[in-house]
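Colleague: Structure: final_35.json, JSON, C-alpha atoms.
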```json
[["chain", "number", "residue", "atom", "x", "y", "z"],
["A", 1, "MET", "CA", 36.14, -60.20, -40.66],
["A", 2, "PHE", "CA", 36.49, -59.48, -36.94],
["A", 3, "MET", "CA", 35.28, -56.43, -35.04],
["A", 4, "ASN", "CA", 37.20, -54.62, -32.33],
["A", 5, "ALA", "CA", 35.83, -55.26, -28.84],
["A", 6, "GLY", "CA", 35.12, -51.56, -28.33],
["A", 7, "MET", "CA", 33.09, -51.17, -31.50],
["A", 8, "LYS", "CA", 29.27, -51.19, -31.40],
["A", 9, "MET", "CA", 27.27, -52.80, -34.12],
["A", 10, "GLU", "CA", 24.99, -50.19, -35.68],
["A", 11, "LYS", "CA", 21.29, -50.99, -35.72],
["A", 12, "PRO", "CA", 19.77, -51.73, -39.12],
["A", 13, "ARG", "CA", 18.10, -48.68, -40.62],
["A", 14, "TRP", "CA", 14.63, -50.23, -40.36],
["A", 15, "ASP", "CA", 15.13, -50.85, -36.62],
["A", 16, "ARG", "CA", 16.14, -47.23, -36.12],
["A", 17, "TYR", "CA", 13.11, -45.92, -38.01],
["A", 18, "SER", "CA", 10.66, -48.23, -36.26],
["A", 19, "ALA", "CA", 12.17, -47.39, -32.87],
["A", 20, "TYR", "CA", 11.78, -43.67, -33.58],
["A", 21, "VAL", "CA", 8.15, -44.01, -34.71],
["A", 22, "LEU", "CA", 7.30, -46.18, -31.70],
["A", 23, "SER", "CA", 8.91, -43.66, -29.36],
["A", 24, "LYS", "CA", 6.67, -40.86, -30.68],
["A", 25, "LEU", "CA", 3.57, -43.05, -30.54],
["A", 26, "SER", "CA", 4.53, -44.03, -26.97],
["A", 27, "GLY", "CA", 4.83, -40.37, -25.98],
["A", 28, "ALA", "CA", 1.42, -39.56, -27.45],
["A", 29, "GLY", "CA", -0.23, -42.67, -26.02],
["A", 30, "PHE", "CA", 1.29, -42.20, -22.58],
["A", 31, "SER", "CA", 0.35, -38.52, -22.26],
["A", 32, "LEU", "CA", -3.19, -39.22, -23.56],
["A", 33, "PHE", "CA", -3.57, -42.05, -21.06],
["A", 34, "VAL", "CA", -2.43, -39.80, -18.19],
["A", 35, "PHE", "CA", -4.96, -37.17, -19.33],
["A", 36, "PHE", "CA", -7.80, -39.70, -19.38],
["A", 37, "ALA", "CA", -6.67, -41.18, -16.05],
["A", 38, "MET", "CA", -6.82, -37.77, -14.38],
["A", 39, "PHE", "CA", -10.05, -36.41, -15.87],
["A", 40, "VAL", "CA", -12.11, -39.34, -17.19],
["A", 41, "LEU", "CA", -11.33, -42.65, -15.48],
["A", 42, "THR", "CA", -12.22, -41.24, -12.05],
["A", 43, "LYS", "CA", -15.89, -41.10, -13.10],
["A", 44, "LEU", "CA", -16.28, -44.92, -13.08],
["A", 45, "ASP", "CA", -18.85, -44.80, -15.88],
["A", 46, "MET", "CA", -18.41, -46.85, -19.05],
["A", 47, "TYR", "CA", -20.74, -44.62, -21.07],
["A", 48, "THR", "CA", -18.66, -41.57, -20.14],
["A", 49, "TYR", "CA", -15.49, -43.46, -20.99],
["A", 50, "SER", "CA", -16.83, -44.36, -24.42],
["A", 51, "GLU", "CA", -17.97, -40.82, -25.23],
["A", 52, "GLN", "CA", -14.74, -39.19, -24.07],
["A", 53, "PHE", "CA", -12.46, -41.72, -25.77],
["A", 54, "ALA", "CA", -14.40, -41.10, -29.00],
["A", 55, "ASN", "CA", -13.71, -37.36, -28.88],
["A", 56, "ALA", "CA", -11.48, -36.81, -31.93],
["A", 57, "ALA", "CA", -10.14, -33.52, -30.53],
["A", 58, "TYR", "CA", -8.10, -35.33, -27.85],
["A", 59, "TRP", "CA", -6.53, -37.68, -30.39],
["A", 60, "LYS", "CA", -5.70, -34.79, -32.73],
["A", 61, "VAL", "CA", -3.97, -32.87, -29.91],
["A", 62, "PHE", "CA", -1.81, -35.71, -28.60],
["A", 63, "PHE", "CA", -1.20, -37.75, -31.76],
["A", 64, "GLY", "CA", -1.31, -34.85, -34.21],
["A", 65, "TYR", "CA", -0.02, -31.65, -32.61],
["A", 66, "GLY", "CA", 2.09, -33.50, -30.03],
["A", 67, "ILE", "CA", 3.95, -35.76, -32.46],
["A", 68, "ALA", "CA", 4.43, -32.96, -35.01],
["A", 69, "CYS", "CA", 5.96, -30.64, -32.39],
["A", 70, "SER", "CA", 8.18, -33.40, -31.01],
["A", 71, "VAL", "CA", 9.57, -34.24, -34.46],
["A", 72, "ILE", "CA", 10.25, -30.56, -35.17],
["A", 73, "ILE", "CA", 12.05, -30.25, -31.82],
["A", 74, "ASP", "CA", 14.22, -33.27, -32.69],
["A", 75, "LEU", "CA", 15.14, -31.67, -36.01],
["A", 76, "ILE", "CA", 16.04, -28.39, -34.29],
["A", 77, "THR", "CA", 18.30, -30.09, -31.73],
["A", 78, "ILE", "CA", 19.69, -32.95, -33.83],
["A", 79, "LYS", "CA", 23.14, -31.38, -34.25],
["A", 80, "LEU", "CA", 23.59, -30.50, -30.58],
["A", 81, "ARG", "CA", 26.00, -32.51, -28.46],
["A", 82, "ARG", "CA", 25.67, -30.79, -25.11],
["A", 83, "LEU", "CA", 22.47, -30.10, -23.19],
["A", 84, "LYS", "CA", 20.40, -31.76, -25.96],
["A", 85, "VAL", "CA", 18.01, -33.53, -23.58],
["A", 86, "LEU", "CA", 17.58, -30.46, -21.38],
["A", 87, "LEU", "CA", 16.81, -28.27, -24.40],
["A", 88, "ARG", "CA", 14.32, -30.81, -25.71],
["A", 89, "ILE", "CA", 12.55, -30.84, -22.35],
["A", 90, "LEU", "CA", 12.34, -27.04, -22.40],
["A", 91, "LEU", "CA", 11.08, -26.92, -26.01],
["A", 92, "HIS", "CA", 8.41, -29.55, -25.31],
["A", 93, "ALA", "CA", 7.16, -27.49, -22.37],
["A", 94, "ILE", "CA", 7.08, -24.38, -24.58],
["A", 95, "ALA", "CA", 5.21, -26.25, -27.33],
["A", 96, "GLY", "CA", 2.59, -27.38, -24.82],
["A", 97, "ASN", "CA", 2.16, -23.79, -23.69],
["A", 98, "LEU", "CA", 1.96, -22.42, -27.25],
["A", 99, "PHE", "CA", -1.07, -24.60, -27.98],
["A", 100, "PHE", "CA", -3.13, -22.11, -25.94],
["A", 101, "LEU", "CA", -1.42, -19.01, -27.37],
["A", 102, "GLY", "CA", -4.57, -17.86, -29.17],
["A", 103, "MET", "CA", -6.47, -17.41, -25.93],
["A", 104, "GLU", "CA", -6.97, -13.95, -24.47],
["A", 105, "VAL", "CA", -4.31, -13.17, -21.89],
["A", 106, "SER", "CA", -5.80, -13.86, -18.48],
["A", 107, "MET", "CA", -5.28, -15.98, -15.40],
["A", 108, "SER", "CA", -7.20, -18.82, -17.05],
["A", 109, "SER", "CA", -5.00, -18.68, -20.18],
["A", 110, "LEU", "CA", -1.88, -18.87, -17.99],
["A", 111, "LEU", "CA", -3.32, -21.88, -16.18],
["A", 112, "PHE", "CA", -4.20, -23.56, -19.48],
["A", 113, "GLY", "CA", -0.65, -22.87, -20.69],
["A", 114, "MET", "CA", 0.79, -24.54, -17.60],
["A", 115, "PHE", "CA", -1.65, -27.39, -18.18],
["A", 116, "GLY", "CA", -0.34, -27.79, -21.74],
["A", 117, "SER", "CA", 3.28, -27.75, -20.61],
["A", 118, "PHE", "CA", 2.48, -30.34, -17.93],
["A", 119, "PHE", "CA", 1.19, -32.86, -20.45],
["A", 120, "ALA", "CA", 3.91, -32.01, -22.95],
["A", 121, "LEU", "CA", 6.44, -33.16, -20.37],
["A", 122, "PHE", "CA", 4.52, -36.41, -19.96],
["A", 123, "PHE", "CA", 4.72, -36.76, -23.74],
["A", 124, "PHE", "CA", 8.49, -36.28, -23.65],
["A", 125, "TRP", "CA", 8.91, -38.74, -20.80],
["A", 126, "GLY", "CA", 6.79, -41.29, -22.66],
["A", 127, "THR", "CA", 9.14, -41.19, -25.65],
["A", 128, "TYR", "CA", 11.99, -42.43, -23.42],
["A", 129, "ALA", "CA", 10.12, -44.64, -20.96],
["A", 130, "PHE", "CA", 9.70, -47.67, -23.21],
["A", 131, "PRO", "CA", 12.62, -47.84, -25.67],
["A", 132, "PHE", "CA", 12.48, -50.27, -28.56],
["A", 133, "LYS", "CA", 15.09, -52.98, -28.06],
["A", 134, "ARG", "CA", 15.53, -56.44, -29.42],
["A", 135, "GLY", "CA", 14.17, -59.01, -26.98],
["A", 136, "ARG", "CA", 11.63, -56.63, -25.46],
["A", 137, "LYS", "CA", 8.48, -57.98, -27.04],
["A", 138, "PHE", "CA", 5.79, -56.09, -25.14],
["A", 139, "ALA", "CA", 6.96, -52.92, -23.37],
["A", 140, "PRO", "CA", 7.64, -50.82, -26.50],
["A", 141, "TYR", "CA", 4.13, -51.48, -27.75],
["A", 142, "LEU", "CA", 2.24, -50.81, -24.49],
["A", 143, "PHE", "CA", 1.50, -47.10, -24.90],
["A", 144, "SER", "CA", 2.28, -46.86, -28.62],
["A", 145, "LEU", "CA", -0.25, -49.46, -29.80],
["A", 146, "VAL", "CA", -1.90, -51.59, -27.09],
["A", 147, "ILE", "CA", -3.46, -48.96, -24.83],
["A", 148, "PRO", "CA", -4.55, -46.63, -27.70],
["A", 149, "SER", "CA", -6.18, -49.65, -29.39],
["A", 150, "VAL", "CA", -8.05, -50.53, -26.19],
["A", 151, "LEU", "CA", -9.24, -46.93, -25.83],
["A", 152, "LEU", "CA", -10.45, -46.88, -29.45],
["A", 153, "LEU", "CA", -12.24, -50.19, -28.94],
["A", 154, "ILE", "CA", -14.10, -48.81, -25.92],
["A", 155, "ALA", "CA", -14.88, -45.64, -27.90],
["A", 156, "ASN", "CA", -16.73, -47.71, -30.50],
["A", 157, "ILE", "CA", -18.98, -49.52, -27.99],
["A", 158, "ASP", "CA", -22.28, -47.94, -26.97],
["A", 159, "PHE", "CA", -22.73, -48.43, -23.22],
["A", 160, "THR", "CA", -26.17, -46.77, -23.13],
["A", 161, "THR", "CA", -28.50, -48.32, -20.54],
["A", 162, "LYS", "CA", -32.30, -48.27, -20.94],
["A", 163, "SER", "CA", -35.04, -49.81, -18.83],
["A", 164, "ASN", "CA", -38.67, -50.29, -19.95],
["A", 165, "TRP", "CA", -38.18, -48.02, -22.95],
["A", 166, "VAL", "CA", -41.42, -47.34, -24.86],
["A", 167, "GLU", "CA", -41.31, -45.13, -27.95],
["A", 168, "LYS", "CA", -43.67, -43.68, -30.53],
["A", 169, "ARG", "CA", -42.78, -41.77, -33.68],
["A", 170, "THR", "CA", -44.97, -39.74, -35.99],
["A", 171, "ALA", "CA", -44.11, -37.62, -39.03],
["A", 172, "ASN", "CA", -42.99, -34.70, -36.85],
["A", 173, "THR", "CA", -42.63, -36.01, -33.29],
["A", 174, "TYR", "CA", -40.79, -38.63, -31.29],
["A", 175, "THR", "CA", -41.93, -39.63, -27.80],
["A", 176, "ALA", "CA", -40.20, -41.96, -25.35],
["A", 177, "ALA", "CA", -41.10, -43.08, -21.84],
["A", 178, "PHE", "CA", -38.79, -45.11, -19.61],
["A", 179, "ASP", "CA", -37.96, -46.14, -16.08],
["A", 180, "TYR", "CA", -34.26, -45.49, -16.54],
["A", 181, "PHE", "CA", -32.09, -43.89, -19.22],
["A", 182, "HIS", "CA", -28.34, -43.39, -19.03],
["A", 183, "GLY", "CA", -26.57, -42.70, -22.29],
["A", 184, "LYS", "CA", -27.81, -41.47, -25.65],
["A", 185, "HIS", "CA", -30.58, -42.06, -28.16],
["A", 186, "GLU", "CA", -30.38, -40.87, -31.78],
["A", 187, "ILE", "CA", -33.40, -39.78, -33.81],
["A", 188, "PRO", "CA", -32.70, -39.45, -37.56],
["A", 189, "ILE", "CA", -34.39, -36.64, -39.49],
["A", 190, "HIS", "CA", -34.02, -36.24, -43.25],
["A", 191, "VAL", "CA", -33.56, -32.66, -44.48],
["A", 192, "ASN", "CA", -33.02, -31.04, -47.85],
["A", 193, "ARG", "CA", -30.61, -28.25, -48.68],
["A", 194, "GLY", "CA", -32.01, -24.86, -47.71],
["A", 195, "ASP", "CA", -34.60, -26.26, -45.29],
["A", 196, "LYS", "CA", -35.23, -24.42, -42.04],
["A", 197, "ILE", "CA", -35.64, -26.86, -39.17],
["A", 198, "THR", "CA", -37.25, -25.83, -35.88],
["A", 199, "LEU", "CA", -37.01, -28.24, -32.94],
["A", 200, "SER", "CA", -38.38, -28.27, -29.43],
["A", 201, "ILE", "CA", -37.93, -30.84, -26.69],
["A", 202, "HIS", "CA", -39.88, -31.42, -23.51],
["A", 203, "ILE", "CA", -38.30, -33.56, -20.78],
["A", 204, "ARG", "CA", -40.38, -35.34, -18.13],
["A", 205, "ASN", "CA", -37.85, -35.58, -15.33],
["A", 206, "LYS", "CA", -39.10, -37.64, -12.38],
["A", 207, "ASN", "CA", -35.88, -37.94, -10.40],
["A", 208, "GLY", "CA", -33.71, -34.91, -11.17],
["A", 209, "GLY", "CA", -31.44, -36.79, -13.58],
["A", 210, "GLY", "CA", -29.35, -34.97, -16.14],
["A", 211, "TYR", "CA", -30.26, -34.55, -19.80],
["A", 212, "GLY", "CA", -29.42, -32.66, -22.99],
["A", 213, "PHE", "CA", -29.48, -32.87, -26.75],
["A", 214, "HIS", "CA", -27.40, -31.97, -29.79],
["A", 215, "ILE", "CA", -27.45, -32.52, -33.54],
["A", 216, "LYS", "CA", -24.85, -34.14, -35.79],
["A", 217, "ASP", "CA", -24.64, -34.38, -39.56],
["A", 218, "GLU", "CA", -23.78, -37.54, -41.53],
["A", 219, "ARG", "CA", -20.06, -36.95, -40.99],
["A", 220, "GLY", "CA", -20.47, -36.85, -37.21],
["A", 221, "ASN", "CA", -19.91, -33.08, -36.94],
["A", 222, "HIS", "CA", -21.96, -31.04, -34.52],
["A", 223, "VAL", "CA", -24.49, -28.77, -36.22],
["A", 224, "GLY", "CA", -24.90, -25.23, -34.87],
["A", 225, "MET", "CA", -28.31, -24.23, -33.51],
["A", 226, "GLU", "CA", -29.89, -20.84, -32.82],
["A", 227, "PRO", "CA", -32.43, -20.10, -30.07],
["A", 228, "ASP", "CA", -35.98, -19.69, -31.36],
["A", 229, "GLY", "CA", -38.16, -18.77, -28.41],
["A", 230, "ASP", "CA", -38.08, -20.21, -24.92],
["A", 231, "ASN", "CA", -37.97, -23.93, -25.67],
["A", 232, "SER", "CA", -37.06, -24.14, -29.34],
["A", 233, "VAL", "CA", -34.00, -23.96, -31.55],
["A", 234, "LYS", "CA", -33.62, -23.56, -35.29],
["A", 235, "LEU", "CA", -31.03, -24.35, -37.92],
["A", 236, "HIS", "CA", -30.63, -24.20, -41.69],
["A", 237, "ALA", "CA", -29.62, -27.27, -43.68],
["A", 238, "GLN", "CA", -26.50, -26.66, -45.77],
["A", 239, "LYS", "CA", -27.00, -29.82, -47.83],
["A", 240, "SER", "CA", -29.47, -32.67, -48.27],
["A", 241, "GLU", "CA", -28.65, -35.34, -45.70],
["A", 242, "ILE", "CA", -29.83, -37.07, -42.54],
["A", 243, "TYR", "CA", -29.36, -35.22, -39.26],
["A", 244, "ASP", "CA", -29.15, -37.24, -36.04],
["A", 245, "VAL", "CA", -30.83, -35.51, -33.12],
["A", 246, "THR", "CA", -29.11, -37.06, -30.09],
["A", 247, "VAL", "CA", -30.94, -36.93, -26.76],
["A", 248, "THR", "CA", -28.76, -37.73, -23.74],
["A", 249, "GLY", "CA", -29.75, -38.81, -20.27],
["A", 250, "ALA", "CA", -27.74, -39.17, -17.07],
["A", 251, "LYS", "CA", -29.53, -41.66, -14.80],
["A", 252, "LEU", "CA", -32.79, -40.09, -15.93],
["A", 253, "GLN", "CA", -36.27, -41.40, -15.12],
["A", 254, "GLY", "CA", -39.36, -40.21, -16.99],
["A", 255, "GLY", "CA", -39.46, -39.50, -20.69],
["A", 256, "PHE", "CA", -39.21, -36.86, -23.41],
["A", 257, "THR", "CA", -40.99, -35.57, -26.48],
["A", 258, "LEU", "CA", -39.11, -34.16, -29.43],
["A", 259, "ALA", "CA", -41.06, -32.18, -32.02],
["A", 260, "TRP", "CA", -39.80, -30.62, -35.24],
["A", 261, "ARG", "CA", -41.05, -28.56, -38.15],
["A", 262, "ILE", "CA", -39.33, -28.39, -41.52],
["A", 263, "ASP", "CA", -39.96, -25.32, -43.67],
["A", 264, "SER", "CA", -38.82, -26.06, -47.20],
["A", 265, "ARG", "CA", -37.06, -23.47, -49.30],
["A", 266, "PRO", "CA", -39.49, -21.89, -51.82]]
```
What does this structure look like when you write it as structure tokens?

Modeller:
Amino acid sequence: MFMNAGMKMEKPRWDRYSAYVLSKLSGAGFSLFVFFAMFVLTKLDMYTYSEQFANAAYWKVFFGYGIACSVIIDLITIKLRRLKVLLRILLHAIAGNLFFLGMEVSMSSLLFGMFGSFFALFFFWGTYAFPFKRGRKFAPYLFSLVIPSVLLLIANIDFTTKSNWVEKRTANTYTAAFDYFHGKHEIPIHVNRGDKITLSIHIRNKNGGGYGFHIKDERGNHVGMEPDGDNSVKLHAQKSEIYDVTVTGAKLQGGFTLAWRIDSRP
């Protein structure tokens, strides 16, 4: 059987599906990369890179909300013949703006809306920038798979730097002294459901470096804390598990002492 010269051979269904999926992944990966390039990569700090790349909220926005909105927009405009691309651009910009719809109307909410639209347009451009074609072995996978994989790899490496770290732990305290600390250090504390935990931390800051601390449960979720005096916080355990008290330092010299008290439920 011969084909007319003017006829185009239709792509196999699997090629069409894979090309569509890769285009959405490319849009998400490209817009996420632009976001990191503008707000994270300028810091030139591998520990900061790792912590920011590991923030699940960014991945949920670009790969979750972004892809879902883009697919819905395609379904809305699939039957259009004229102005399809222009309408898709407009709807992507609107979707980026709507992400911040729940904020109170103010100048900052308008700026955040413009911010969302800005990155939504990068998402849209990314879906067309690297089309899937036979013979193109690398370009279609650059932002859809390669760069996101590299970002996730960095996110799973701990780039914390410590120098002359000396530590001592007792039943209710943890003390560390060091010449240099840049990154994080986790101190596990076992709690039972219903326990009231009171924590206090004292930082010996010799050079004006930055510091902080937070608490995460076994699933990696941040645990809310309430102030309890000038230098203490308290929280109530919702289930029996191990809490990680994470102390962070930013080019800090000196040391810290963390103390805690656990009041069991009667």

Colleague: When you look at Ile157 (chain A) with a cut-off of 10 Å (counting all atoms listed in the file), what residues show up, excluding the ones that are within fewer than 3 positions of it in the same chain? I need them as a ChimeraX atom specification.

Modeller: /A:46-47,49-51,54,152-154,160

Colleague: Go through A:Ala28, A:Ile189, A:Lys162, A:Gly194 one by one, measure the shortest atom-to-atom distance of each to Ala250 (chain A) using only C-alpha atoms, and give the residue with the smallest value.

Modeller: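 For Ala250 (chain A), the nearest of the candidates is A:Lys162.
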
Colleague: So which one's closest to Gly96 (chain A), A:Ile262, A:Ala120, A:Val146, A:Val191? Using only C-alpha atoms, please.

Modeller: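 Comparing A:Ile262, A:Ala120, A:Val146, A:Val191 against Gly96 (chain A), the winner is A:Ala120.
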
Colleague: What are the closest atom pairs, with distances in Å to one decimal, for each residue of region 29-80 of chain A lying within 12 Å of region 213-231 of chain A, using only C-alpha atoms, rows by chain and rising residue number, as a tab-separated table?

Modeller:
```
residue	atom	partner	partner_atom	distance
A:Ala54	CA	A:Gly220	CA	11.1
A:Asn55	CA	A:Gly220	CA	10.7
A:Ala56	CA	A:Gly220	CA	10.4
A:Ala57	CA	A:Asn221	CA	11.7
```

Colleague: Those same residues, written as a PDB file, in the frame of the given file with C-alpha atoms?

Modeller:
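Output contents, as saved in part07.pdb:
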```pdb
ATOM      1  CA  ALA A  54     -14.400 -41.100 -29.000  1.00  0.00           C
ATOM      2  CA  ASN A  55     -13.710 -37.360 -28.880  1.00  0.00           C
ATOM      3  CA  ALA A  56     -11.480 -36.810 -31.930  1.00  0.00           C
ATOM      4  CA  ALA A  57     -10.140 -33.520 -30.530  1.00  0.00           C
TER       5      ALA A  57
END
```

Colleague: To one decimal in Å, tell me the separation between CA of Phe122 (chain A) and CA of Asn156 (chain A).

Modeller: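 Atom-to-atom, CA of Phe122 (chain A) and CA of Asn156 (chain A) are spaced 26.3 Å apart.
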
Colleague: How far is it from CA of Phe99 (chain A) to CA of Tyr65 (chain A), in Å with one decimal?

Modeller: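 These two atoms are separated by 8.5 Å.
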
Colleague: Kindly give the distance, in Å, that separates CA of Ile203 (chain A) and CA of Thr257 (chain A), rounded to a single decimal.

Modeller: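 Going from CA of Ile203 (chain A) over to CA of Thr257 (chain A) covers 6.6 Å.
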
Colleague: Which residue is closest to Ile67 (chain A)? Choose from A:Gly126, A:Gly249, A:Gly212, A:Gly255 and count all atoms listed in the file.

Modeller: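 Using all atoms listed in the file, the shortest distance to Ile67 (chain A) belongs to A:Gly126.
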
Colleague: Which is closest to Phe33 (chain A) among A:Ile72, A:Leu151, A:Ala95, A:Leu110, if we use only C-alpha atoms?

Modeller: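 For Phe33 (chain A), the nearest of the given residues is A:Leu151.
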
Colleague: Under the rule that only C-alpha atoms are counted, which of A:Gln52, A:Asn172, A:Asn164, A:Ser200 is the nearest residue to Pro188 (chain A)?

Modeller: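 With only C-alpha atoms as the atom set, the closest residue is A:Asn172.
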
Colleague: With all atoms listed in the file as the atoms that count, which of A:Ser163, A:His236, A:Arg169, A:Arg193 lies nearest to Leu252 (chain A)?

Modeller: A:Ser163

Colleague: Provide an axis-aligned box for all listed atoms of region 17-28 of chain A, padding each side by 5 Å; report its centre and its edge lengths in Å to one decimal, as lines of an AutoDock Vina configuration file.

Modeller:
```
center_x = 7.3
center_y = -43.9
center_z = -32.0
size_x = 21.7
size_y = 18.7
size_z = 22.0
```

Colleague: May I have the protein, DNA and RNA residues with an atom at most 10 Å from (1.5, -44.4, -30.1), counting only C-alpha atoms in the file's coordinates, returned as a list in words?

Modeller: Val21, Leu22, Ser23, Lys24, Leu25, Ser26, Gly27, Ala28, Gly29, Phe30, Ser31, Leu32, Phe62, Phe63, Ile67, Gly126, Thr127, Pro140, Tyr141, Leu142, Phe143, Ser144, Leu145, Val146, Ile147, Pro148 and Ser149 of chain A
